[in-house]
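Visitor: File name data-v1.cif; file contents mmCIF, C-alpha atoms and all ligand atoms; full text below.
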```
data_query
loop_
_atom_site.label_atom_id
_atom_site.label_comp_id
_atom_site.auth_asym_id
_atom_site.auth_seq_id
_atom_site.Cartn_x
_atom_site.Cartn_y
_atom_site.Cartn_z
CA MET A 164 81.32 -18.72 -35.02
CA ASN A 165 78.37 -16.45 -35.77
CA ASP A 166 77.52 -18.81 -38.63
CA HIS A 167 76.48 -21.37 -36.06
CA LEU A 168 74.19 -18.97 -34.24
CA SER A 169 70.58 -18.48 -35.20
CA GLU A 170 69.59 -15.78 -37.65
CA ARG A 171 67.33 -14.60 -34.86
CA ILE A 172 70.24 -13.63 -32.62
CA ASN A 173 72.53 -12.53 -35.42
CA ASN A 174 69.87 -10.10 -36.57
CA MET A 175 69.32 -8.71 -33.09
CA ALA A 176 71.03 -5.52 -31.93
CA THR A 177 72.70 -5.45 -28.52
CA SER A 178 70.74 -3.27 -26.09
CA ALA A 179 72.42 0.13 -26.56
CA THR A 180 71.68 1.22 -22.99
CA LEU A 181 73.21 -1.90 -21.48
CA ALA A 182 76.12 -1.80 -23.96
CA MET A 183 77.01 1.77 -23.01
CA ALA A 184 76.74 0.93 -19.31
CA ALA A 185 79.08 -2.04 -19.83
CA LYS A 186 81.54 0.15 -21.73
CA ALA A 187 81.52 2.74 -18.94
CA ARG A 188 82.10 -0.02 -16.37
CA GLU A 189 85.01 -1.39 -18.41
CA LEU A 190 86.66 2.03 -18.67
CA ARG A 191 86.17 2.58 -14.94
CA ASN A 192 87.87 -0.75 -14.27
CA GLU A 193 90.80 0.54 -16.32
CA GLY A 194 91.03 3.41 -13.87
CA LYS A 195 89.25 6.08 -15.94
CA ASP A 196 87.03 8.50 -14.08
CA ILE A 197 83.82 8.00 -16.06
CA ILE A 198 80.54 9.65 -15.08
CA GLY A 199 77.80 7.28 -16.12
CA LEU A 200 74.70 9.04 -17.40
CA SER A 201 73.82 6.25 -19.78
CA LEU A 202 71.74 3.84 -17.76
CA GLY A 203 68.18 4.55 -16.79
CA GLU A 204 68.39 3.28 -13.27
CA PRO A 205 67.46 5.13 -10.08
CA ASP A 206 70.54 5.74 -7.94
CA PHE A 207 68.57 5.40 -4.69
CA ASN A 208 68.62 2.39 -2.43
CA ILE A 209 65.46 0.33 -2.19
CA PRO A 210 63.41 1.80 0.69
CA ASP A 211 64.01 -0.13 3.94
CA PHE A 212 60.39 -1.15 4.45
CA ILE A 213 60.53 -3.05 1.14
CA LYS A 214 63.84 -4.69 1.99
CA GLU A 215 62.40 -5.86 5.30
CA SER A 216 59.55 -7.65 3.57
CA ALA A 217 62.00 -9.49 1.30
CA LYS A 218 63.97 -10.63 4.35
CA LYS A 219 60.77 -11.82 5.96
CA ALA A 220 59.81 -13.72 2.79
CA ILE A 221 63.08 -15.63 3.00
CA ASP A 222 62.45 -16.46 6.65
CA ASP A 223 58.88 -17.44 5.80
CA ASN A 224 60.26 -19.94 3.28
CA TYR A 225 58.97 -18.49 0.08
CA SER A 226 61.34 -20.79 -1.71
CA SER A 227 59.13 -22.79 -4.07
CA TYR A 228 57.89 -21.91 -7.54
CA SER A 229 55.13 -19.35 -7.37
CA PRO A 230 52.08 -19.70 -9.62
CA VAL A 231 53.32 -18.97 -13.17
CA ASP A 232 51.37 -15.72 -13.40
CA GLY A 233 52.31 -14.57 -9.88
CA TYR A 234 51.00 -14.99 -6.32
CA ALA A 235 47.28 -14.29 -6.03
CA ASP A 236 47.81 -11.75 -3.22
CA LEU A 237 50.38 -9.91 -5.34
CA LYS A 238 47.94 -9.84 -8.24
CA GLN A 239 45.34 -8.48 -5.84
CA ALA A 240 47.77 -5.73 -4.79
CA ILE A 241 48.38 -4.96 -8.48
CA SER A 242 44.64 -4.88 -9.14
CA ASN A 243 44.20 -2.45 -6.22
CA LYS A 244 47.07 -0.33 -7.54
CA PHE A 245 45.49 -0.14 -11.00
CA LYS A 246 42.24 0.96 -9.40
CA ARG A 247 43.88 3.48 -7.08
CA ASP A 248 46.30 5.08 -9.53
CA ASN A 249 44.85 4.44 -12.97
CA ASN A 250 41.09 4.15 -12.61
CA LEU A 251 41.34 0.69 -14.20
CA SER A 252 39.56 -2.45 -13.02
CA TYR A 253 41.52 -5.59 -13.73
CA ALA A 254 40.39 -8.91 -12.28
CA LEU A 255 43.10 -11.32 -11.18
CA ASN A 256 42.83 -13.33 -14.42
CA GLN A 257 43.74 -10.15 -16.33
CA ILE A 258 47.08 -9.70 -14.57
CA VAL A 259 50.42 -11.44 -15.18
CA VAL A 260 53.56 -10.87 -13.13
CA SER A 261 56.87 -11.30 -14.98
CA THR A 262 60.63 -10.96 -14.61
CA GLY A 263 60.68 -7.23 -15.25
CA ALA A 264 58.54 -5.11 -17.54
CA LYS A 265 61.00 -6.06 -20.25
CA GLN A 266 59.80 -9.63 -20.06
CA SER A 267 56.19 -8.45 -19.89
CA LEU A 268 56.78 -6.68 -23.21
CA ALA A 269 58.48 -9.71 -24.72
CA ASN A 270 55.60 -11.96 -23.63
CA VAL A 271 53.07 -9.66 -25.28
CA ALA A 272 55.06 -9.54 -28.52
CA MET A 273 55.43 -13.32 -28.60
CA VAL A 274 51.73 -13.99 -28.00
CA MET A 275 50.29 -11.23 -30.20
CA LEU A 276 52.43 -10.97 -33.32
CA ASN A 277 52.53 -13.05 -36.47
CA LYS A 278 55.09 -12.72 -39.23
CA GLY A 279 54.78 -9.36 -40.94
CA ASP A 280 52.44 -7.76 -38.41
CA GLU A 281 53.26 -4.10 -38.13
CA VAL A 282 53.82 -2.38 -34.81
CA ILE A 283 53.72 1.40 -34.76
CA LEU A 284 56.48 2.91 -32.62
CA PRO A 285 56.37 6.68 -32.15
CA ALA A 286 60.07 7.58 -32.30
CA PRO A 287 61.97 8.13 -30.13
CA TYR A 288 60.89 4.89 -28.43
CA TRP A 289 62.50 2.80 -25.73
CA VAL A 290 65.52 1.03 -27.14
CA SER A 291 64.28 -2.56 -26.73
CA TYR A 292 60.87 -2.20 -28.41
CA SER A 293 62.09 -2.63 -31.96
CA ASP A 294 64.23 -5.68 -31.26
CA ILE A 295 61.53 -7.33 -29.14
CA VAL A 296 59.04 -6.78 -31.97
CA LYS A 297 61.49 -8.16 -34.53
CA LEU A 298 62.20 -11.19 -32.35
CA ALA A 299 58.49 -12.00 -32.58
CA ASP A 300 58.65 -11.63 -36.41
CA GLY A 301 56.82 -8.30 -36.25
CA VAL A 302 57.79 -5.26 -38.29
CA PRO A 303 58.51 -2.04 -36.38
CA VAL A 304 57.03 1.01 -38.12
CA GLU A 305 58.66 4.14 -36.79
CA VAL A 306 56.74 7.40 -36.67
CA PRO A 307 59.34 10.14 -36.30
CA THR A 308 58.62 13.04 -33.98
CA ASN A 309 60.93 15.89 -33.07
CA ILE A 310 61.81 18.28 -30.32
CA ASP A 311 59.48 21.02 -31.61
CA THR A 312 56.43 18.89 -30.70
CA ASP A 313 58.04 17.59 -27.50
CA PHE A 314 58.59 14.27 -29.27
CA LYS A 315 54.89 13.39 -29.18
CA MET A 316 53.01 11.67 -31.99
CA THR A 317 49.94 13.53 -33.25
CA PRO A 318 46.65 11.79 -34.17
CA ALA A 319 47.30 12.68 -37.83
CA GLN A 320 50.69 11.00 -37.73
CA LEU A 321 49.14 7.89 -36.18
CA GLU A 322 46.41 7.80 -38.79
CA ALA A 323 48.96 8.11 -41.60
CA ALA A 324 51.04 5.21 -40.23
CA ILE A 325 48.15 2.74 -40.10
CA THR A 326 48.02 0.11 -42.85
CA PRO A 327 45.95 -3.09 -43.22
CA LYS A 328 48.90 -4.87 -41.57
CA THR A 329 48.97 -2.72 -38.43
CA LYS A 330 48.50 -4.95 -35.40
CA MET A 331 49.67 -2.81 -32.51
CA LEU A 332 50.86 0.56 -31.23
CA TRP A 333 53.53 0.53 -28.54
CA PHE A 334 54.49 3.64 -26.60
CA SER A 335 55.65 4.79 -23.19
CA SER A 336 54.34 7.77 -21.23
CA PRO A 337 56.24 9.21 -19.43
CA CYS A 338 58.52 8.35 -22.32
CA ASN A 339 61.93 6.79 -22.26
CA PRO A 340 64.02 8.42 -23.80
CA SER A 341 62.31 11.82 -24.22
CA GLY A 342 60.67 12.25 -20.81
CA SER A 343 57.50 13.41 -22.60
CA VAL A 344 54.14 12.84 -20.95
CA TYR A 345 50.94 12.49 -22.99
CA ASN A 346 48.09 14.36 -21.32
CA GLN A 347 44.41 13.36 -21.34
CA LYS A 348 43.60 15.41 -24.42
CA GLU A 349 46.51 14.03 -26.41
CA LEU A 350 45.61 10.45 -25.52
CA GLU A 351 42.00 11.10 -26.42
CA GLY A 352 43.18 12.29 -29.81
CA LEU A 353 45.07 9.05 -30.37
CA ALA A 354 42.14 6.99 -29.05
CA LYS A 355 39.78 8.72 -31.48
CA VAL A 356 41.90 7.45 -34.37
CA LEU A 357 42.21 3.97 -32.87
CA ARG A 358 38.44 3.67 -32.37
CA LYS A 359 38.13 3.68 -36.16
CA HIS A 360 40.48 0.68 -36.31
CA PRO A 361 39.11 -1.88 -33.85
CA ASN A 362 41.75 -4.50 -34.72
CA ILE A 363 44.69 -2.48 -33.45
CA PHE A 364 45.95 -3.28 -29.95
CA VAL A 365 47.93 -0.95 -27.75
CA VAL A 366 50.87 -1.53 -25.43
CA SER A 367 50.91 1.32 -22.94
CA ASP A 368 54.20 1.21 -21.04
CA GLU A 369 53.65 3.16 -17.84
CA ILE A 370 56.73 2.15 -15.89
CA TYR A 371 57.60 5.83 -15.23
CA GLU A 372 54.06 6.71 -14.16
CA HIS A 373 55.05 8.09 -10.76
CA ILE A 374 58.06 10.00 -12.06
CA ASN A 375 55.85 12.70 -13.50
CA PHE A 376 56.53 16.30 -12.53
CA ARG A 377 53.31 17.69 -13.89
CA GLY A 378 51.18 15.11 -12.07
CA GLY A 379 47.96 13.61 -13.35
CA HIS A 380 49.19 10.47 -15.07
CA VAL A 381 46.62 9.18 -17.59
CA SER A 382 46.33 5.55 -18.73
CA ILE A 383 45.08 5.15 -22.28
CA ALA A 384 43.18 1.99 -21.23
CA ALA A 385 40.89 4.25 -19.15
CA ILE A 386 39.82 6.20 -22.26
CA GLU A 387 36.61 5.26 -24.03
CA GLY A 388 36.90 2.27 -26.34
CA MET A 389 40.45 1.39 -25.32
CA TYR A 390 40.14 -0.95 -22.33
CA ASP A 391 39.46 -4.13 -24.30
CA ARG A 392 42.48 -3.72 -26.51
CA THR A 393 45.11 -2.17 -24.32
CA ILE A 394 47.82 -3.99 -22.44
CA THR A 395 48.98 -1.76 -19.61
CA VAL A 396 52.59 -2.50 -18.68
CA ASN A 397 54.17 -1.46 -15.41
CA GLY A 398 56.75 -2.60 -12.86
CA VAL A 399 58.66 -1.69 -9.75
CA SER A 400 62.09 -0.96 -11.25
CA LYS A 401 61.72 2.79 -11.53
CA ALA A 402 59.31 4.01 -8.85
CA PHE A 403 60.78 1.80 -6.12
CA ALA A 404 64.39 1.65 -7.34
CA MET A 405 64.00 -2.15 -7.58
CA THR A 406 65.69 -2.65 -10.97
CA GLY A 407 67.71 -5.70 -9.98
CA TRP A 408 64.78 -7.45 -8.33
CA ARG A 409 63.19 -7.89 -11.76
CA ILE A 410 59.44 -7.58 -11.30
CA GLY A 411 57.11 -6.22 -13.96
CA TYR A 412 53.47 -6.87 -14.72
CA ILE A 413 50.63 -6.33 -17.15
CA GLY A 414 46.92 -5.72 -16.92
CA GLY A 415 44.88 -6.46 -20.04
CA PRO A 416 42.21 -8.62 -21.63
CA SER A 417 42.05 -12.02 -19.89
CA TRP A 418 42.71 -13.93 -23.12
CA ILE A 419 45.97 -12.04 -23.62
CA ALA A 420 46.91 -12.55 -19.97
CA SER A 421 46.27 -16.33 -20.31
CA ALA A 422 48.42 -16.47 -23.43
CA CYS A 423 51.25 -14.64 -21.65
CA THR A 424 50.98 -17.09 -18.75
CA LYS A 425 51.12 -20.04 -21.14
CA PHE A 426 54.20 -18.58 -22.83
CA GLN A 427 55.92 -17.71 -19.57
CA GLY A 428 55.16 -21.20 -18.26
CA GLN A 429 57.45 -22.58 -20.94
CA ILE A 430 60.14 -19.93 -20.63
CA THR A 431 60.66 -18.94 -16.98
CA SER A 432 58.02 -20.68 -14.81
CA GLY A 433 57.28 -17.29 -13.28
CA ALA A 434 59.05 -14.48 -11.49
CA ASN A 435 61.29 -14.64 -8.42
CA ALA A 436 59.29 -15.53 -5.31
CA ILE A 437 61.08 -13.25 -2.82
CA ALA A 438 60.88 -10.24 -5.09
CA GLN A 439 57.17 -10.88 -5.65
CA ARG A 440 56.54 -10.83 -1.88
CA ALA A 441 58.45 -7.55 -1.57
CA THR A 442 56.47 -6.11 -4.47
CA ILE A 443 53.25 -6.56 -2.49
CA THR A 444 54.70 -4.29 0.19
CA ALA A 445 55.89 -1.78 -2.40
CA LEU A 446 52.55 -1.54 -4.19
CA GLU A 447 50.49 -1.37 -1.02
CA ALA A 448 52.48 1.59 0.28
CA PRO A 449 51.02 5.02 -0.35
CA VAL A 450 52.81 6.93 -3.09
CA SER A 451 53.83 9.45 -0.41
CA ARG A 452 56.51 6.98 0.72
CA ILE A 453 58.39 7.36 -2.54
CA GLN A 454 57.64 11.04 -3.03
CA PHE A 455 61.17 11.95 -1.87
CA MET A 456 62.62 10.22 -4.95
CA ILE A 457 60.19 11.95 -7.29
CA ASP A 458 60.99 15.33 -5.72
CA GLU A 459 64.69 14.66 -6.06
CA PHE A 460 64.35 13.74 -9.74
CA HIS A 461 62.35 16.91 -10.29
CA LYS A 462 65.11 18.98 -8.71
CA ARG A 463 67.77 17.27 -10.78
CA ARG A 464 65.78 17.74 -13.98
CA ASP A 465 65.75 21.48 -13.38
CA LEU A 466 69.44 21.41 -12.51
CA ILE A 467 70.51 19.49 -15.63
CA LEU A 468 68.33 21.64 -17.90
CA GLY A 469 69.94 24.75 -16.46
CA LEU A 470 73.46 23.37 -16.81
CA LEU A 471 73.05 21.99 -20.33
CA GLY A 472 71.18 25.11 -21.36
CA GLU A 473 74.44 27.04 -20.90
CA ILE A 474 76.20 24.92 -23.51
CA PRO A 475 75.95 26.41 -27.01
CA GLY A 476 74.58 23.94 -29.54
CA PHE A 477 72.35 21.96 -27.18
CA ASN A 478 68.71 22.27 -28.19
CA LEU A 479 66.59 21.26 -25.19
CA ASN A 480 62.91 20.96 -24.42
CA ILE A 481 61.40 20.51 -20.96
CA PRO A 482 60.68 16.85 -20.26
CA GLU A 483 57.79 16.39 -17.82
CA GLY A 484 58.63 12.94 -16.52
CA ALA A 485 61.00 9.95 -16.30
CA PHE A 486 64.64 10.86 -15.61
CA TYR A 487 66.05 11.65 -19.02
CA VAL A 488 66.79 14.67 -21.14
CA PHE A 489 67.01 14.15 -24.88
CA PRO A 490 68.81 17.16 -26.38
CA ASP A 491 69.00 17.64 -30.12
CA ILE A 492 72.72 17.98 -30.79
CA SER A 493 72.55 18.00 -34.58
CA SER A 494 74.06 21.51 -34.65
CA PHE A 495 77.41 19.76 -34.09
CA PHE A 496 77.11 17.63 -37.23
CA GLY A 497 79.87 18.43 -39.68
CA LYS A 498 81.99 20.15 -37.03
CA THR A 499 85.48 18.95 -36.14
CA LEU A 500 86.37 18.88 -32.45
CA LYS A 501 89.86 17.91 -31.29
CA GLY A 502 90.48 16.20 -34.63
CA THR A 503 87.20 14.23 -34.63
CA THR A 504 84.51 15.13 -37.14
CA ILE A 505 81.02 14.62 -35.76
CA HIS A 506 78.68 13.13 -38.35
CA THR A 507 76.12 11.36 -36.19
CA ALA A 508 74.64 11.25 -32.71
CA SER A 509 76.76 8.16 -32.08
CA ASP A 510 79.92 10.09 -33.00
CA PHE A 511 78.85 12.79 -30.57
CA SER A 512 78.12 10.37 -27.74
CA LEU A 513 81.45 8.59 -28.28
CA TYR A 514 83.21 11.96 -28.40
CA LEU A 515 81.74 12.83 -25.00
CA LEU A 516 82.89 9.49 -23.63
CA ALA A 517 86.44 9.98 -24.93
CA HIS A 518 86.90 13.70 -24.23
CA ALA A 519 84.55 14.45 -21.32
CA GLN A 520 84.55 10.96 -19.84
CA VAL A 521 80.79 11.14 -19.63
CA ALA A 522 78.70 8.18 -20.79
CA THR A 523 75.45 8.99 -22.60
CA VAL A 524 73.44 7.00 -25.16
CA SER A 525 73.12 7.98 -28.80
CA GLY A 526 69.56 8.57 -29.97
CA GLU A 527 69.98 6.27 -32.97
CA SER A 528 68.98 3.14 -31.11
CA PHE A 529 65.89 4.99 -29.86
CA GLY A 530 64.91 5.78 -33.44
CA ASN A 531 66.16 9.38 -33.46
CA ASP A 532 69.52 10.19 -35.01
CA ARG A 533 69.76 13.85 -34.02
CA CYS A 534 69.65 13.50 -30.24
CA ILE A 535 71.44 11.88 -27.36
CA ARG A 536 69.90 10.59 -24.14
CA ILE A 537 71.27 11.79 -20.83
CA SER A 538 70.00 10.06 -17.71
CA TYR A 539 69.93 12.34 -14.69
CA ALA A 540 69.51 9.48 -12.24
CA ALA A 541 72.82 10.57 -10.74
CA SER A 542 73.89 12.78 -7.85
CA GLU A 543 73.86 16.55 -8.07
CA LYS A 544 77.65 16.51 -7.77
CA GLU A 545 78.00 14.11 -10.71
CA LEU A 546 75.55 16.11 -12.81
CA ARG A 547 77.43 19.36 -12.17
CA GLU A 548 80.77 17.76 -12.92
CA ALA A 549 79.43 16.03 -16.06
CA ALA A 550 77.99 19.27 -17.41
CA ALA A 551 81.23 21.14 -16.74
CA ARG A 552 83.24 18.46 -18.51
CA ILE A 553 80.87 18.39 -21.49
CA LYS A 554 81.04 22.15 -21.78
CA ALA A 555 84.85 22.09 -21.67
CA ALA A 556 85.08 19.26 -24.22
CA LEU A 557 82.90 21.16 -26.67
CA GLN A 558 84.68 24.48 -26.45
N1 LIG A 601 60.00 0.08 -20.34
C1 LIG A 601 60.72 1.20 -20.29
C2 LIG A 601 60.18 2.41 -20.98
C3 LIG A 601 61.94 1.23 -19.60
O1 LIG A 601 62.66 2.35 -19.56
C4 LIG A 601 62.40 0.08 -18.96
C5 LIG A 601 63.73 0.19 -18.28
N2 LIG A 601 64.37 -0.83 -17.86
C6 LIG A 601 61.61 -1.08 -19.04
C7 LIG A 601 60.42 -1.04 -19.74
C8 LIG A 601 61.99 -2.38 -18.43
O2 LIG A 601 61.99 -2.34 -17.06
P1 LIG A 601 62.24 -3.61 -16.16
O3 LIG A 601 62.45 -4.78 -17.06
O4 LIG A 601 63.43 -3.28 -15.33
O5 LIG A 601 61.01 -3.76 -15.35
N1 LIG A 602 65.46 1.00 -19.04
C1 LIG A 602 66.76 1.41 -18.66
C2 LIG A 602 67.35 2.27 -19.73
O1 LIG A 602 66.68 2.58 -20.69
C3 LIG A 602 67.59 0.27 -18.21
C4 LIG A 602 68.39 -0.46 -19.23
C5 LIG A 602 67.61 -1.44 -19.99
O2 LIG A 602 66.80 -2.15 -19.39
O3 LIG A 602 67.83 -1.50 -21.20
O4 LIG A 602 68.47 2.67 -19.60
#
```
Can you turn what I pasted into structure tokens?

Guide:
Amino acid sequence: MNDHLSERINNMATSATLAMAAKARELRNEGKDIIGLSLGEPDFNIPDFIKESAKKAIDDNYSSYSPVDGYADLKQAISNKFKRDNNLSYALNQIVVSTGAKQSLANVAMVMLNKGDEVILPAPYWVSYSDIVKLADGVPVEVPTNIDTDFKMTPAQLEAAITPKTKMLWFSSPCNPSGSVYNQKELEGLAKVLRKHPNIFVVSDEIYEHINFRGGHVSIAAIEGMYDRTITVNGVSKAFAMTGWRIGYIGGPSWIASACTKFQGQITSGANAIAQRATITALEAPVSRIQFMIDEFHKRRDLILGLLGEIPGFNLNIPEGAFYVFPDISSFFGKTLKGTTIHTASDFSLYLLAHAQVATVSGESFGNDRCIRISYAASEKELREAAARIKAALQ
């Protein structure tokens, strides 16, 4: 039946993160004791004060369509948040609220890209970037980085990747999947290159901004020459554990925001009203109210690094943010374990699923074929058990 489907969908890859999570769920339903470290989703409950505001929004009859680009008071809260946390001034007509940061990204791709426009993706990049870009007829241009440089793209690498067709650079910091955080100096280095190419726009995905163990998150839009051509993407999924409530947003040039609103007006009519009301409460709260989650992730990062560090063959760096480790496991390539020869990161990830019953995601779909991604958004008990099982399966 695929012949009857569009080329667009036939050419699209299934989201590897969601596919692995579905596979783990399926195996669990069959009675297997799978530890899921594949999905990047906080394992905390939404803080009660946010839940309360959603309940109130229902009682207050927030049941109609919201404005397509989001409620004005939510956009004001977002504007205040950008000022408070990012030193960025966005007026309300520069902000668009969407159904998750994923949709924010898709909107931007659909309104900015023409056929053949190149989008630079420092690899590893978040799994959906390349397929979102391709959906909008853009061409992903991967810039490979490796563990020795903490998976960060250098200014020279950026410069070398630029061609007359380059339209955009998309990146996340803190990065999914590597957990790397670009500091001020590193972003200034990239900005210096970009200032020479005024037609290149930047998508700065800052959804993990608060999950930063070094502190001092820097937004590239706040660096000289970048504000007018950066789209800053954020959302409440990670910092507030609100993944299922599906709220993301952008701040950027007003003409890009208007185009996103126009597009969204034909596709979704705007984000969920109740979740938007709750997002106001979330964003107005001081960061101290979610500090417990950040502290917990920090503790778990140290735990998982210690545990995986004891396993021969795992090459690890120290990620400074998000909730992922991205070990280079290429030392296993060519080895045969329990009758299975490991040729690729996918083979390795599937081997762990079969023999350790631990779900991870292969680095291939993130643009790196030597690593796997392990999410440590799981309890200490699960992390200890997972590491013990992995160690045993690899002996
Ligand atoms: N960007 C990155 C880097 C992510 O890891 C995620 C995870 N879901 C998203 C965007 C999308 O977030 P959401 O759609 O849940 O807001
Ligand atoms: N962003 C998360 C991840 O990378 C959630 C899954 C998804 O949205 O693809 O695992």

Visitor: Check which residues fall inside 6 Å of ligand LIG 602 (chain A) when counting only C-alpha atoms and all ligand atoms, and print them as a CSV table (one decimal) with C-alpha atoms, keeping the file's coordinate frame.

Guide:
```
chain,number,residue,atom,x,y,z
A,178,SER,CA,70.7,-3.3,-26.1
A,180,THR,CA,71.7,1.2,-23.0
A,181,LEU,CA,73.2,-1.9,-21.5
A,202,LEU,CA,71.7,3.8,-17.8
A,203,GLY,CA,68.2,4.6,-16.8
A,204,GLU,CA,68.4,3.3,-13.3
```

Visitor: Compute the set of protein, DNA and RNA residues whose minimum atom distance to ligand LIG 601 (chain A) is at most 10 Å, using only C-alpha atoms and all ligand atoms, and state it as an mmCIF file with C-alpha atoms, keeping the file's coordinate frame.

Guide:
```
data_model
loop_
_atom_site.group_PDB
_atom_site.id
_atom_site.type_symbol
_atom_site.label_atom_id
_atom_site.label_comp_id
_atom_site.auth_asym_id
_atom_site.auth_seq_id
_atom_site.Cartn_x
_atom_site.Cartn_y
_atom_site.Cartn_z
ATOM 1 C CA THR A 180 71.680 1.220 -22.990
ATOM 2 C CA LEU A 181 73.210 -1.900 -21.480
ATOM 3 C CA LEU A 202 71.740 3.840 -17.760
ATOM 4 C CA GLY A 203 68.180 4.550 -16.790
ATOM 5 C CA GLU A 204 68.390 3.280 -13.270
ATOM 6 C CA SER A 261 56.870 -11.300 -14.980
ATOM 7 C CA THR A 262 60.630 -10.960 -14.610
ATOM 8 C CA GLY A 263 60.680 -7.230 -15.250
ATOM 9 C CA ALA A 264 58.540 -5.110 -17.540
ATOM 10 C CA LYS A 265 61.000 -6.060 -20.250
ATOM 11 C CA GLN A 266 59.800 -9.630 -20.060
ATOM 12 C CA SER A 267 56.190 -8.450 -19.890
ATOM 13 C CA LEU A 268 56.780 -6.680 -23.210
ATOM 14 C CA ALA A 269 58.480 -9.710 -24.720
ATOM 15 C CA TYR A 288 60.890 4.890 -28.430
ATOM 16 C CA TRP A 289 62.500 2.800 -25.730
ATOM 17 C CA VAL A 290 65.520 1.030 -27.140
ATOM 18 C CA SER A 291 64.280 -2.560 -26.730
ATOM 19 C CA TYR A 292 60.870 -2.200 -28.410
ATOM 20 C CA PHE A 334 54.490 3.640 -26.600
ATOM 21 C CA SER A 335 55.650 4.790 -23.190
ATOM 22 C CA SER A 336 54.340 7.770 -21.230
ATOM 23 C CA PRO A 337 56.240 9.210 -19.430
ATOM 24 C CA CYS A 338 58.520 8.350 -22.320
ATOM 25 C CA ASN A 339 61.930 6.790 -22.260
ATOM 26 C CA PRO A 340 64.020 8.420 -23.800
ATOM 27 C CA GLY A 342 60.670 12.250 -20.810
ATOM 28 C CA SER A 367 50.910 1.320 -22.940
ATOM 29 C CA ASP A 368 54.200 1.210 -21.040
ATOM 30 C CA GLU A 369 53.650 3.160 -17.840
ATOM 31 C CA ILE A 370 56.730 2.150 -15.890
ATOM 32 C CA TYR A 371 57.600 5.830 -15.230
ATOM 33 C CA VAL A 396 52.590 -2.500 -18.680
ATOM 34 C CA ASN A 397 54.170 -1.460 -15.410
ATOM 35 C CA GLY A 398 56.750 -2.600 -12.860
ATOM 36 C CA VAL A 399 58.660 -1.690 -9.750
ATOM 37 C CA SER A 400 62.090 -0.960 -11.250
ATOM 38 C CA LYS A 401 61.720 2.790 -11.530
ATOM 39 C CA ALA A 404 64.390 1.650 -7.340
ATOM 40 C CA MET A 405 64.000 -2.150 -7.580
ATOM 41 C CA THR A 406 65.690 -2.650 -10.970
ATOM 42 C CA GLY A 407 67.710 -5.700 -9.980
ATOM 43 C CA TRP A 408 64.780 -7.450 -8.330
ATOM 44 C CA ARG A 409 63.190 -7.890 -11.760
ATOM 45 C CA ILE A 410 59.440 -7.580 -11.300
ATOM 46 C CA GLY A 411 57.110 -6.220 -13.960
ATOM 47 C CA TYR A 412 53.470 -6.870 -14.720
ATOM 48 C CA ALA A 485 61.000 9.950 -16.300
ATOM 49 C CA PHE A 486 64.640 10.860 -15.610
ATOM 50 C CA TYR A 487 66.050 11.650 -19.020
#
```

Visitor: Hey, can you pull every residue with an atom no more than 7 Å from (59.1, 5.6, 2.2), using only C-alpha atoms, and send it as a PyMOL selection string?

Guide: chain A and resi 210+452-453

Visitor: For the atom pair CA of Lys195 (chain A) and CA of Ala556 (chain A), what is the interatomic distance in Å to one decimal place?

Guide: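 Rounded to one decimal, the two atoms are 16.1 Å apart.
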
Visitor: When you draw a straight line from CA of Val488 (chain A) to CA of Ala324 (chain A), how long is it in Å?

Guide: 26.5 Å

Visitor: My list of candidates is A:Gly194, A:Gly233, A:Gly414, A:Gly301. Which is closest to Phe245 (chain A) when distances are computed with all atoms listed in the file?

Guide: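 For Phe245 (chain A), the nearest of the candidates is A:Gly414.
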
Visitor: Give me the residues of region 179-295 of chain A that have any atom at most 10 Å from an atom of region 539-550 of chain A; for each, the nearest atom pair and the distance in Å, rounded to one decimal. Use all atoms listed in the file, sort by chain and number, and format it as a tab-separated table.

Guide:
```
residue	atom	partner	partner_atom	distance
A:Ile197	CA	A:Ala549	CA	9.2
A:Ile198	CA	A:Ala549	CA	6.5
A:Gly199	CA	A:Ala541	CA	8.0
A:Leu200	CA	A:Tyr539	CA	6.4
A:Ser201	CA	A:Tyr539	CA	8.8
A:Leu202	CA	A:Ala540	CA	8.2
A:Gly203	CA	A:Ala540	CA	6.8
A:Glu204	CA	A:Ala540	CA	6.4
A:Pro205	CA	A:Ala540	CA	5.3
A:Asp206	CA	A:Ala540	CA	5.8
A:Phe207	CA	A:Ala540	CA	8.6
```

Visitor: Go ahead and save the residues from that selection, with C-alpha atoms, as a CSV table (one decimal), keeping the file's coordinate frame.

Guide:
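Printed below is again.csv as written:
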```csv
chain,number,residue,atom,x,y,z
A,197,ILE,CA,83.8,8.0,-16.1
A,198,ILE,CA,80.5,9.6,-15.1
A,199,GLY,CA,77.8,7.3,-16.1
A,200,LEU,CA,74.7,9.0,-17.4
A,201,SER,CA,73.8,6.2,-19.8
A,202,LEU,CA,71.7,3.8,-17.8
A,203,GLY,CA,68.2,4.6,-16.8
A,204,GLU,CA,68.4,3.3,-13.3
A,205,PRO,CA,67.5,5.1,-10.1
A,206,ASP,CA,70.5,5.7,-7.9
A,207,PHE,CA,68.6,5.4,-4.7
```

Visitor: To one decimal in Å, tell me the separation between CA of Tyr253 (chain A) and CA of Thr424 (chain A).

Guide: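 Separation of CA of Tyr253 (chain A) and CA of Thr424 (chain A): 15.7 Å.
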
Visitor: Given the choices A:Tyr390, A:Phe426, A:Phe403, A:Phe489, which gets closest to Met456 (chain A) if the distance is worked out from only C-alpha atoms?

Guide: A:Phe403

Visitor: Env of region 297-300 of chain A: 8 Å cut, atoms = only C-alpha atoms, seq-sep filter 6 positions within chain, self excluded. Answer as a PyMOL selection string.

Guide: chain A and resi 171+175+272-273+276-280
